Amino acid sequence: MSTSGTTSFAPDLTEIIEEAYARTGYVGRTGYDFRSARMSLSLVLNELSNRGMNLWSVASGTIPLVAGTATYDLPEDTVDLIEHVVRTGTGSSQVDISVARISVSTYATLPNKNNTGKPIQAYINRQSPVPTITLWPVPDGSTPYTLAYWRLRRLQDAGNGSNTQDVPFRFVPALIAGLAYHLSMKVPGGLERAAILKAQFDEALMLAEGEDRDKSPVRFVPRIGHL
């Protein structure tokens, strides 16, 4: 017997909903059932964004800095920034300088927020609908600066029946298990299976998150100072 020779398994929205309903013991047939499942699936996708760093949702970008301007808009679908540097030069002469992230409390206590120079600190305001980043010192006009960043983006919405989901294949079992659990709280007789579906969701998600991690070596260096 030969194997399939393919590795393209990616169920679309309709197939995911059918499998999830089957686990609840309920057969969804109406348009309302489909809309309800799509809403629940979008909520599961939102939940994944609250559970930490999803490596497949890391995206990079740059913002040209303007002399005298401290605050810049980030893409609307930004969940958070994970790294950010101030870049000078281009090509072989490019130099990146790390920018320290500070809290709103630290930014609020800066005595002169209008100081100009090369930015060394950044306050990230995760406001809705457009998050922003505020740099200090305020960029001056001595040299062109560019803010380069790496961010976590929002996972895309569930979409329509022909769309696949914005997750790698490793997370498809967890996505279906999570949808089945959410649906169990809405369909007739579903509460009887809710506990076991929740356990299946937790296990599938734990396995997926355990694989979705950075496997590069980590080195911890203590900072030793004098009192």
# chains A, B, ... in the order shown; residues from 1 in each chain; ligands from 1
call {"tool": "residues_around", "arguments": {"residues": "stretch 50-67 of chain A", "least_positions_apart": "6", "cutoff": "9 Å", "atoms": "only C-alpha atoms", "output": "list in words"}}
result
Leu74, Ile82, Thr116, Val138, Pro139, Asp140, Gly141, Ser142, Pro144, Tyr145, Thr146, Leu147, Ala148, Tyr149, Trp150, Arg151, Leu152, Arg153, Arg154, Leu155, Asp166, Val167, Pro168, Glu209, Asp212, Arg213 and Asp214 of chain A
call {"tool": "write_last_selection", "arguments": {"atoms": "C-alpha atoms", "output": "PDB file, in the first residue's frame"}}
result
ATOM      1  CA  LEU A  74       1.165  50.980  14.399  1.00  0.00           C
ATOM      2  CA  ILE A  82       8.064  42.056  20.741  1.00  0.00           C
ATOM      3  CA  THR A 116      15.331  65.685  21.066  1.00  0.00           C
ATOM      4  CA  VAL A 138      11.929  62.865  20.267  1.00  0.00           C
ATOM      5  CA  PRO A 139      13.759  62.163  16.957  1.00  0.00           C
ATOM      6  CA  ASP A 140      15.912  65.101  15.887  1.00  0.00           C
ATOM      7  CA  GLY A 141      16.957  66.068  12.382  1.00  0.00           C
ATOM      8  CA  SER A 142      20.642  65.235  12.720  1.00  0.00           C
ATOM      9  CA  PRO A 144      17.554  59.939   9.105  1.00  0.00           C
ATOM     10  CA  TYR A 145      16.160  57.434  11.595  1.00  0.00           C
ATOM     11  CA  THR A 146      13.952  54.416  10.935  1.00  0.00           C
ATOM     12  CA  LEU A 147      12.054  52.441  13.543  1.00  0.00           C
ATOM     13  CA  ALA A 148      12.237  48.726  12.737  1.00  0.00           C
ATOM     14  CA  TYR A 149       9.951  46.451  14.715  1.00  0.00           C
ATOM     15  CA  TRP A 150       8.691  42.889  15.036  1.00  0.00           C
ATOM     16  CA  ARG A 151       5.105  42.518  16.157  1.00  0.00           C
ATOM     17  CA  LEU A 152       2.411  40.006  16.937  1.00  0.00           C
ATOM     18  CA  ARG A 153      -0.522  40.493  14.571  1.00  0.00           C
ATOM     19  CA  ARG A 154      -4.136  39.515  15.134  1.00  0.00           C
ATOM     20  CA  LEU A 155      -5.269  36.203  13.716  1.00  0.00           C
ATOM     21  CA  ASP A 166      -5.127  31.501   9.801  1.00  0.00           C
ATOM     22  CA  VAL A 167      -3.344  28.811  11.822  1.00  0.00           C
ATOM     23  CA  PRO A 168      -0.643  26.254  10.948  1.00  0.00           C
ATOM     24  CA  GLU A 209       1.538  25.344  22.121  1.00  0.00           C
ATOM     25  CA  ASP A 212       4.974  26.309  18.771  1.00  0.00           C
ATOM     26  CA  ARG A 213       8.060  27.635  20.529  1.00  0.00           C
ATOM     27  CA  ASP A 214      11.408  29.175  19.730  1.00  0.00           C
TER      28      ASP A 214
END
call {"tool": "select_by_dssp", "arguments": {"residues": "chain A", "states": "helix (DSSP H, G or I)", "output": "number ranges by chain"}}
result
A: 13-24, 31-49, 55-57, 91-93, 104-108, 169-184, 191-211
call {"tool": "select_by_dssp", "arguments": {"residues": "chain A", "states": "strand (DSSP E)", "output": "CSV table (one decimal) with C-alpha atoms, in the first residue's frame"}}
result
chain,number,residue,atom,x,y,z
A,58,VAL,CA,5.1,37.4,14.0
A,59,ALA,CA,5.4,40.1,11.4
A,60,SER,CA,8.0,42.9,10.8
A,61,GLY,CA,7.7,46.4,9.6
A,62,THR,CA,9.4,49.8,9.5
A,63,ILE,CA,8.4,53.4,10.2
A,64,PRO,CA,10.5,56.4,8.9
A,71,THR,CA,4.2,59.3,18.4
A,72,TYR,CA,3.5,57.0,15.5
A,73,ASP,CA,0.6,54.7,14.6
A,78,THR,CA,-1.1,44.7,16.0
A,79,VAL,CA,-1.5,42.8,19.3
A,80,ASP,CA,1.8,43.8,20.7
A,81,LEU,CA,5.4,44.6,19.8
A,82,ILE,CA,8.1,42.1,20.7
A,83,GLU,CA,11.2,43.8,19.5
A,84,HIS,CA,12.0,47.3,18.2
A,85,VAL,CA,15.2,49.1,17.2
A,86,VAL,CA,16.2,52.5,15.8
A,87,ARG,CA,18.0,52.1,12.5
A,88,THR,CA,20.5,54.4,10.8
A,95,VAL,CA,23.3,50.1,12.2
A,96,ASP,CA,20.5,49.0,14.6
A,97,ILE,CA,20.4,50.3,18.1
A,98,SER,CA,18.1,48.6,20.7
A,100,ALA,CA,14.2,50.0,25.7
A,101,ARG,CA,10.5,49.6,26.3
A,102,ILE,CA,9.1,51.6,29.2
A,116,THR,CA,15.3,65.7,21.1
A,117,GLY,CA,18.0,63.3,20.0
A,121,GLN,CA,13.1,54.5,24.9
A,122,ALA,CA,9.7,53.6,23.7
A,123,TYR,CA,6.2,53.6,25.3
A,124,ILE,CA,3.7,51.4,23.5
A,125,ASN,CA,0.0,52.3,23.9
A,132,THR,CA,0.7,53.7,18.9
A,133,ILE,CA,4.4,53.9,19.9
A,134,THR,CA,5.9,57.0,21.5
A,135,LEU,CA,9.7,57.5,21.4
A,136,TRP,CA,12.0,59.4,23.7
A,138,VAL,CA,11.9,62.9,20.3
A,139,PRO,CA,13.8,62.2,17.0
A,146,THR,CA,14.0,54.4,10.9
A,147,LEU,CA,12.1,52.4,13.5
A,148,ALA,CA,12.2,48.7,12.7
A,149,TYR,CA,10.0,46.5,14.7
A,150,TRP,CA,8.7,42.9,15.0
A,151,ARG,CA,5.1,42.5,16.2
A,152,LEU,CA,2.4,40.0,16.9
A,153,ARG,CA,-0.5,40.5,14.6
call {"tool": "atom_distance", "arguments": {"atom1": "atom CA of A:Gly159", "atom2": "atom CA of A:Ser4"}}
result
28.8 Å
call {"tool": "closest_residue", "arguments": {"among": "A:Ile120, A:Val218, A:Thr90, A:Leu13", "to": "A:Ser40", "atoms": "only C-alpha atoms"}}
result
A:Leu13
call {"tool": "closest_residue", "arguments": {"among": "A:Leu45, A:Ile176, A:Val187, A:Ala20", "to": "A:Tyr32", "atoms": "only C-alpha atoms"}}
result
A:Val187
call {"tool": "residues_around", "arguments": {"residues": "A:Ser184", "least_positions_apart": "5", "cutoff": "10 Å", "atoms": "only C-alpha atoms", "output": "list in words"}}
result
Ala20, Tyr21, Arg23, Thr24, Gly25, Tyr26, Gly178, Leu179, Gly189, Gly190, Leu191, Glu192, Arg193, Ala194, Ala195, Leu197 and Lys198 of chain A
call {"tool": "write_last_selection", "arguments": {"atoms": "C-alpha atoms", "output": "PDB file, in the first residue's frame"}}
result
ATOM      1  CA  ALA A  20     -17.081  20.347  15.594  1.00  0.00           C
ATOM      2  CA  TYR A  21     -20.845  19.855  15.484  1.00  0.00           C
ATOM      3  CA  ARG A  23     -18.380  16.079  18.387  1.00  0.00           C
ATOM      4  CA  THR A  24     -21.251  17.778  20.188  1.00  0.00           C
ATOM      5  CA  GLY A  25     -23.743  15.188  18.941  1.00  0.00           C
ATOM      6  CA  TYR A  26     -25.752  17.851  17.158  1.00  0.00           C
ATOM      7  CA  GLY A 178     -12.140  24.562  20.915  1.00  0.00           C
ATOM      8  CA  LEU A 179     -15.049  25.160  18.549  1.00  0.00           C
ATOM      9  CA  GLY A 189     -27.962  18.397  24.939  1.00  0.00           C
ATOM     10  CA  GLY A 190     -24.460  19.803  24.492  1.00  0.00           C
ATOM     11  CA  LEU A 191     -23.828  20.525  28.144  1.00  0.00           C
ATOM     12  CA  GLU A 192     -23.655  16.792  28.817  1.00  0.00           C
ATOM     13  CA  ARG A 193     -20.484  16.662  26.699  1.00  0.00           C
ATOM     14  CA  ALA A 194     -19.076  20.058  27.693  1.00  0.00           C
ATOM     15  CA  ALA A 195     -16.660  18.741  30.333  1.00  0.00           C
ATOM     16  CA  LEU A 197     -14.899  18.556  25.137  1.00  0.00           C
ATOM     17  CA  LYS A 198     -13.205  21.136  27.381  1.00  0.00           C
TER      18      LYS A 198
END
call {"tool": "atom_distance", "arguments": {"atom1": "atom CA of A:Asn112", "atom2": "atom CA of A:Arg126"}}
result
22.9 Å
